[in-house]
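K.L.:
Just so it is clear, I am handing over run-v2.csv, which has CSV, C-alpha atoms.
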```
chain,number,residue,atom,x,y,z
A,1408,GLY,CA,0.0,0.0,0.0
A,1409,ILE,CA,0.9,3.7,-0.1
A,1410,ASP,CA,2.3,5.1,3.1
A,1411,ALA,CA,0.6,8.3,4.2
A,1412,LEU,CA,2.7,11.4,3.8
A,1413,PRO,CA,3.7,13.2,7.1
A,1414,SER,CA,2.0,16.4,8.0
A,1415,VAL,CA,3.3,19.2,10.1
A,1416,LEU,CA,1.0,21.2,12.4
A,1417,ILE,CA,2.2,24.1,14.5
A,1418,TYR,CA,-0.1,25.9,17.0
A,1419,ALA,CA,0.7,28.9,19.2
A,1420,GLY,CA,-1.7,29.4,22.1
A,1421,SER,CA,-4.6,31.7,21.4
A,1422,ASP,CA,-3.2,32.5,18.0
A,1423,GLY,CA,-4.3,29.1,16.9
A,1424,GLU,CA,-2.9,27.3,13.9
A,1425,LEU,CA,0.3,28.8,12.5
A,1426,LEU,CA,1.3,26.1,10.0
A,1427,ASN,CA,-0.4,23.1,8.4
A,1428,MET,CA,1.3,21.4,5.5
A,1429,VAL,CA,2.0,18.0,4.0
A,1430,CYS,CA,5.7,17.5,4.2
A,1431,PRO,CA,7.3,14.7,2.0
A,1432,PRO,CA,11.1,14.8,1.9
A,1433,SER,CA,11.1,17.0,-1.2
A,1434,LYS,CA,9.3,19.8,0.8
A,1435,MET,CA,11.8,19.9,3.7
A,1436,PRO,CA,13.5,23.1,2.4
A,1437,ILE,CA,10.1,24.8,2.2
A,1438,LEU,CA,9.3,23.6,5.8
A,1439,ARG,CA,12.7,24.9,7.0
A,1440,ALA,CA,12.0,28.3,5.5
A,1441,GLN,CA,8.5,28.4,7.0
A,1442,LEU,CA,9.9,27.6,10.5
A,1443,GLU,CA,12.5,30.2,10.1
A,1444,ASP,CA,9.8,32.8,9.3
A,1445,ILE,CA,7.8,31.8,12.4
A,1446,VAL,CA,10.9,32.0,14.7
A,1447,LYS,CA,11.9,35.4,13.3
A,1448,ASP,CA,8.3,36.6,13.7
A,1449,ARG,CA,8.0,35.6,17.3
A,1450,PHE,CA,11.5,35.9,18.8
A,1451,ASP,CA,14.1,38.6,18.9
A,1452,GLU,CA,17.8,38.2,18.0
A,1453,GLU,CA,18.6,37.1,21.6
A,1454,GLY,CA,15.9,34.3,21.5
A,1455,ASN,CA,13.4,36.2,23.7
A,1456,LEU,CA,9.7,35.9,22.9
A,1457,ILE,CA,8.5,39.2,21.5
A,1458,LEU,CA,5.6,40.5,23.6
A,1459,PHE,CA,2.4,41.5,22.0
A,1460,GLU,CA,2.7,45.2,22.7
A,1461,ASP,CA,6.0,45.2,20.9
A,1462,ARG,CA,4.5,43.9,17.7
A,1463,PRO,CA,2.2,46.5,16.1
A,1464,PHE,CA,1.8,44.5,12.9
A,1465,ARG,CA,0.0,41.7,14.7
A,1466,GLU,CA,-3.7,41.6,15.5
A,1467,SER,CA,-4.7,43.9,18.3
A,1468,SER,CA,-5.9,42.3,21.5
A,1469,LEU,CA,-8.5,42.9,24.2
A,1470,GLU,CA,-8.2,46.6,25.1
A,1471,MET,CA,-10.3,46.6,28.2
A,1472,GLU,CA,-12.5,44.2,30.2
A,1473,GLU,CA,-14.8,45.4,33.0
A,1474,LYS,CA,-17.8,44.2,35.0
A,1475,ILE,CA,-21.0,45.5,33.5
A,1476,GLY,CA,-22.1,47.4,36.6
A,1477,THR,CA,-25.0,49.8,35.8
A,1478,ILE,CA,-26.5,49.1,32.4
A,1479,ASN,CA,-28.9,51.5,30.6
A,1480,SER,CA,-32.5,50.4,30.3
A,1481,ASP,CA,-32.4,50.1,26.5
A,1482,ASP,CA,-29.5,47.6,26.6
A,1483,MET,CA,-31.0,45.7,29.4
A,1484,SER,CA,-34.3,45.4,27.7
A,1485,PHE,CA,-32.7,44.3,24.4
A,1486,LEU,CA,-30.6,41.6,26.1
A,1487,ARG,CA,-33.6,40.3,28.1
A,1488,ASN,CA,-36.2,40.3,25.4
A,1489,ASN,CA,-34.5,40.1,22.0
A,1490,VAL,CA,-31.5,37.7,22.4
A,1491,PRO,CA,-32.9,34.2,22.0
A,1492,TYR,CA,-30.5,32.5,24.3
A,1493,LEU,CA,-31.1,35.0,27.1
A,1494,LYS,CA,-34.8,35.4,26.5
A,1495,GLU,CA,-35.3,31.7,27.5
A,1496,LEU,CA,-33.9,32.3,31.0
A,1497,THR,CA,-35.9,32.9,34.1
A,1498,GLU,CA,-35.7,36.3,35.6
A,1499,MET,CA,-33.5,35.0,38.4
A,1500,GLU,CA,-31.2,33.2,35.9
A,1501,PHE,CA,-30.9,36.2,33.7
A,1502,MET,CA,-30.0,38.6,36.6
A,1503,ASP,CA,-27.4,36.1,37.9
A,1504,LEU,CA,-25.9,35.9,34.4
A,1505,MET,CA,-25.8,39.7,34.1
A,1506,GLU,CA,-23.9,40.0,37.4
A,1507,LYS,CA,-21.2,37.7,36.1
A,1508,ALA,CA,-21.0,39.1,32.6
A,1509,THR,CA,-18.3,41.6,31.4
A,1510,LEU,CA,-18.0,44.3,28.9
A,1511,GLN,CA,-15.0,43.7,26.5
A,1512,THR,CA,-13.6,46.4,24.2
A,1513,TYR,CA,-11.5,45.5,21.2
A,1514,ALA,CA,-9.5,47.7,18.9
A,1515,ALA,CA,-9.9,47.6,15.1
A,1516,GLY,CA,-8.3,44.5,13.7
A,1517,SER,CA,-8.7,42.5,16.9
A,1518,VAL,CA,-9.5,38.8,16.5
A,1519,ILE,CA,-12.2,38.3,19.1
A,1520,ILE,CA,-12.6,34.6,18.5
A,1521,ARG,CA,-10.5,32.4,16.2
A,1522,GLN,CA,-11.6,29.4,14.1
A,1523,GLY,CA,-10.5,26.0,15.4
A,1524,MET,CA,-10.1,27.1,19.0
A,1525,PRO,CA,-12.4,26.0,21.8
A,1526,GLY,CA,-15.5,28.2,22.3
A,1527,ARG,CA,-15.9,29.5,25.9
A,1528,SER,CA,-18.1,32.6,25.7
A,1529,PHE,CA,-21.1,34.1,24.0
A,1530,TYR,CA,-20.9,37.7,22.8
A,1531,VAL,CA,-23.4,40.4,22.0
A,1532,ILE,CA,-22.1,43.5,20.3
A,1533,LYS,CA,-23.0,46.7,22.2
A,1534,ASP,CA,-21.2,49.1,19.8
A,1535,GLY,CA,-19.0,48.6,16.8
A,1536,GLU,CA,-18.8,46.2,13.9
A,1537,ALA,CA,-17.1,42.9,13.2
A,1538,GLU,CA,-16.6,40.5,10.3
A,1539,VAL,CA,-17.1,36.7,10.3
A,1540,ILE,CA,-14.2,35.0,8.5
A,1541,VAL,CA,-13.9,31.3,7.6
A,1542,LYS,CA,-11.1,29.1,6.3
A,1543,THR,CA,-12.4,26.6,3.8
A,1544,GLY,CA,-9.6,24.1,4.2
A,1545,ALA,CA,-8.7,24.4,0.5
A,1546,GLU,CA,-6.0,27.0,1.1
A,1547,ASP,CA,-2.5,26.2,-0.1
A,1548,PRO,CA,-0.4,26.5,3.1
A,1549,LEU,CA,2.7,27.2,1.0
A,1550,ALA,CA,1.1,30.2,-0.6
A,1551,THR,CA,-0.9,31.5,2.3
A,1552,SER,CA,0.3,33.9,5.0
A,1553,ASN,CA,0.4,32.5,8.6
A,1554,ASP,CA,-1.9,35.4,9.6
A,1555,TYR,CA,-4.5,34.6,6.9
A,1556,LEU,CA,-7.9,34.0,8.6
A,1557,GLY,CA,-10.0,33.1,5.6
A,1558,GLN,CA,-12.8,34.6,3.6
A,1559,LYS,CA,-15.3,37.1,4.9
A,1560,ILE,CA,-18.8,35.6,4.8
A,1561,ASN,CA,-20.8,37.9,7.1
A,1562,THR,CA,-20.8,41.3,8.9
A,1563,LEU,CA,-22.0,41.8,12.5
A,1564,THR,CA,-23.1,45.1,13.9
A,1565,SER,CA,-24.6,46.5,17.1
A,1566,LYS,CA,-27.0,44.0,18.8
A,1567,ASP,CA,-25.7,41.0,16.7
A,1568,TYR,CA,-24.3,38.1,18.6
A,1569,PHE,CA,-21.8,35.3,18.0
A,1570,GLY,CA,-20.0,32.4,19.6
A,1571,GLU,CA,-23.2,30.5,20.2
A,1572,ARG,CA,-22.6,27.6,17.9
A,1573,ALA,CA,-19.5,26.3,19.7
A,1574,LEU,CA,-21.3,26.5,23.0
A,1575,MET,CA,-24.4,24.6,21.6
A,1576,THR,CA,-22.4,21.8,20.0
A,1577,GLY,CA,-19.2,21.6,22.1
A,1578,GLU,CA,-17.3,21.7,18.9
A,1579,ASP,CA,-14.4,24.1,18.2
A,1580,LEU,CA,-15.2,27.5,16.8
A,1581,ALA,CA,-16.4,27.3,13.2
A,1582,ALA,CA,-15.3,30.8,12.2
A,1583,SER,CA,-13.1,33.7,13.3
A,1584,VAL,CA,-14.7,37.0,14.2
A,1585,ARG,CA,-12.5,40.2,13.8
A,1586,ALA,CA,-13.4,43.7,14.8
A,1587,THR,CA,-13.4,46.2,11.9
A,1588,CYS,CA,-13.5,49.2,14.2
A,1589,LYS,CA,-13.4,49.8,17.9
A,1590,THR,CA,-16.0,47.3,19.2
A,1591,THR,CA,-17.5,46.7,22.6
A,1592,CYS,CA,-19.2,43.4,23.4
A,1593,PHE,CA,-21.2,42.0,26.3
A,1594,SER,CA,-19.4,38.7,27.1
A,1595,PHE,CA,-21.1,35.8,28.8
A,1596,HIS,CA,-18.9,32.8,29.8
A,1597,SER,CA,-20.5,29.4,29.2
A,1598,GLU,CA,-19.9,28.2,32.8
A,1599,ASN,CA,-22.3,31.0,33.9
A,1600,PHE,CA,-25.3,29.8,31.9
A,1601,PRO,CA,-27.7,27.4,33.7
A,1602,GLU,CA,-27.2,23.8,32.6
A,1603,ARG,CA,-30.6,23.6,31.0
A,1604,SER,CA,-29.8,26.6,28.7
A,1605,PHE,CA,-28.8,26.1,25.0
A,1606,LEU,CA,-25.5,27.7,25.9
A,1607,GLY,CA,-25.0,26.0,29.3
A,1608,MET,CA,-22.6,23.1,30.0
A,1609,GLY,CA,-25.6,20.7,29.9
A,1610,ARG,CA,-26.9,22.1,26.6
A,1611,ARG,CA,-29.0,20.0,24.2
A,1612,THR,CA,-28.8,21.4,20.7
A,1613,LYS,CA,-32.1,22.0,18.8
A,1614,ARG,CA,-31.7,21.6,15.0
A,1615,ALA,CA,-33.4,24.9,14.1
A,1616,SER,CA,-31.0,26.9,16.3
A,1617,LEU,CA,-28.0,25.0,14.9
A,1618,GLU,CA,-29.0,25.6,11.3
A,1619,ALA,CA,-29.3,29.3,12.0
A,1620,ALA,CA,-25.8,29.3,13.4
A,1621,ASP,CA,-24.5,27.2,10.6
A,1622,GLU,CA,-25.8,29.7,8.0
A,1623,LYS,CA,-24.1,32.5,9.8
A,1624,TYR,CA,-20.7,30.8,9.9
A,1625,GLY,CA,-20.8,29.0,6.5
A,1626,VAL,CA,-21.1,25.5,7.9
A,1627,ASP,CA,-22.7,22.9,5.7
A,1628,VAL,CA,-25.7,21.4,7.5
A,1629,CYS,CA,-25.9,18.6,5.0
A,1630,ASP,CA,-23.4,16.6,7.1
A,1631,LEU,CA,-25.9,16.7,10.0
A,1632,TYR,CA,-28.7,15.6,7.7
A,1633,TRP,CA,-26.8,12.7,6.3
A,1634,SER,CA,-25.7,11.6,9.7
A,1635,GLU,CA,-29.3,11.3,10.7
A,1636,VAL,CA,-30.2,9.5,7.5
A,1637,GLU,CA,-27.3,7.0,7.9
A,1638,THR,CA,-28.4,6.3,11.5
A,1639,GLN,CA,-31.9,5.5,10.3
A,1640,ILE,CA,-30.4,3.3,7.5
A,1641,ILE,CA,-28.3,1.3,10.0
A,1642,SER,CA,-31.3,0.8,12.3
A,1643,ALA,CA,-33.5,-0.4,9.3
A,1644,ASN,CA,-30.8,-2.8,8.1
A,1645,MET,CA,-30.3,-4.3,11.6
A,1646,LEU,CA,-34.1,-4.8,11.8
A,1647,ASN,CA,-34.2,-6.4,8.3
A,1648,GLN,CA,-31.4,-8.8,9.3
A,1649,ALA,CA,-33.1,-9.7,12.5
A,1650,GLN,CA,-36.3,-10.6,10.5
A,1651,GLY,CA,-34.3,-12.6,8.0
A,1652,SER,CA,-34.9,-10.1,5.1
A,1653,PRO,CA,-32.2,-10.0,2.4
A,1654,ASN,CA,-33.0,-6.4,1.7
A,1655,ILE,CA,-30.1,-4.0,2.4
A,1656,ILE,CA,-30.9,-0.3,2.3
A,1657,GLN,CA,-28.2,1.9,0.7
A,1658,ARG,CA,-27.6,5.6,1.2
A,1659,PRO,CA,-29.2,7.5,-1.7
```
Kindly present the structure from the file in structure tokens form.
P.N.:
Amino acid sequence: GIDALPSVLIYAGSDGELLNMVCPPSKMPILRAQLEDIVKDRFDEEGNLILFEDRPFRESSLEMEEKIGTINSDDMSFLRNNVPYLKELTEMEFMDLMEKATLQTYAAGSVIIRQGMPGRSFYVIKDGEAEVIVKTGAEDPLATSNDYLGQKINTLTSKDYFGERALMTGEDLAASVRATCKTTCFSFHSENFPERSFLGMGRRTKRASLEAADEKYGVDVCDLYWSEVETQIISANMLNQAQGSPNIIQRP
């Protein structure tokens, strides 16, 4: 048989994936050059890690995080009555969540969440604008910058929300979200949602909510459909075999 070619994956903390390439022996010089670029980008001449604030060409980070404290009545009313995952909470659950929530402010260019990383929080934009960006998996790692996030598929503005899909499914983030201007978000950590909530640690995903999230982040829901179909086919075939039927159902 044909041996699988080795792949090289390099991650760097919250920056996520830095390099992903298939690396047969003929590609070793290219891999060496890529590694040299990563080292030069992240370490100074003395081998010290370059701190974030010394690197203006990298994405900006969280500028400020603070407890919400006093919130104006319009924002409170919107969060309580217009955000689906907060609207479902009881009054006591909602007020408890608000006490633990924070306001996070990001500079233009900040990557608020990054595709492929674990999802930990749910965000509602208070002020500003952000773009939803997705890597398709078809990018050529040899021709793509390490800072490339993918293609823009959506724009989020004030009162839009994001981060819900990863909390509903337990999967890694399906997209990156980057601030296009100074942006302030209400941030709700998953651990602070009640377990019965869609976004809580004991969540049970409903298909309609997941499909809405998939459309936002460019995720193909066909895989979910075929998974259900195949489960039904397997069950039907097992029943046929138990009854002595020669009929075998195939996936259409």
K.L.:
Between A:Met1575, A:Asp1444, A:Ser1517, A:Lys1566, single out the one closest to Asn1488 (chain A), counting all atoms listed in the file.
P.N.:
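Ranked by minimum distance to Asn1488 (chain A), first place goes to A:Lys1566.
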K.L.:
My list of candidates is A:Gly1523, A:Asp1554, A:Gln1511, A:Glu1536. Which is closest to Ile1445 (chain A) when distances are computed with only C-alpha atoms?
P.N.:
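Counting only C-alpha atoms, the residue closest to Ile1445 (chain A) is A:Asp1554.
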K.L.:
Using only C-alpha atoms, give me every residue within 10 Å of (-11.6, 31.7, 9.5) in file coordinates, as a ChimeraX atom specification.
P.N.:
/A:1520-1523,1539-1544,1555-1560,1580-1585,1624
K.L.:
Which distance in Å separates CA of Asp1448 (chain A) and CA of Cys1588 (chain A), to one decimal?
P.N.:
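Computed distance, CA of Asp1448 (chain A) to CA of Cys1588 (chain A), equals 25.2 Å.
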K.L.:
So how many Å separate CA of Tyr1530 (chain A) and CA of Asn1479 (chain A), to one decimal?
P.N.:
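CA of Asn1479 (chain A) lies 17.8 Å from CA of Tyr1530 (chain A).
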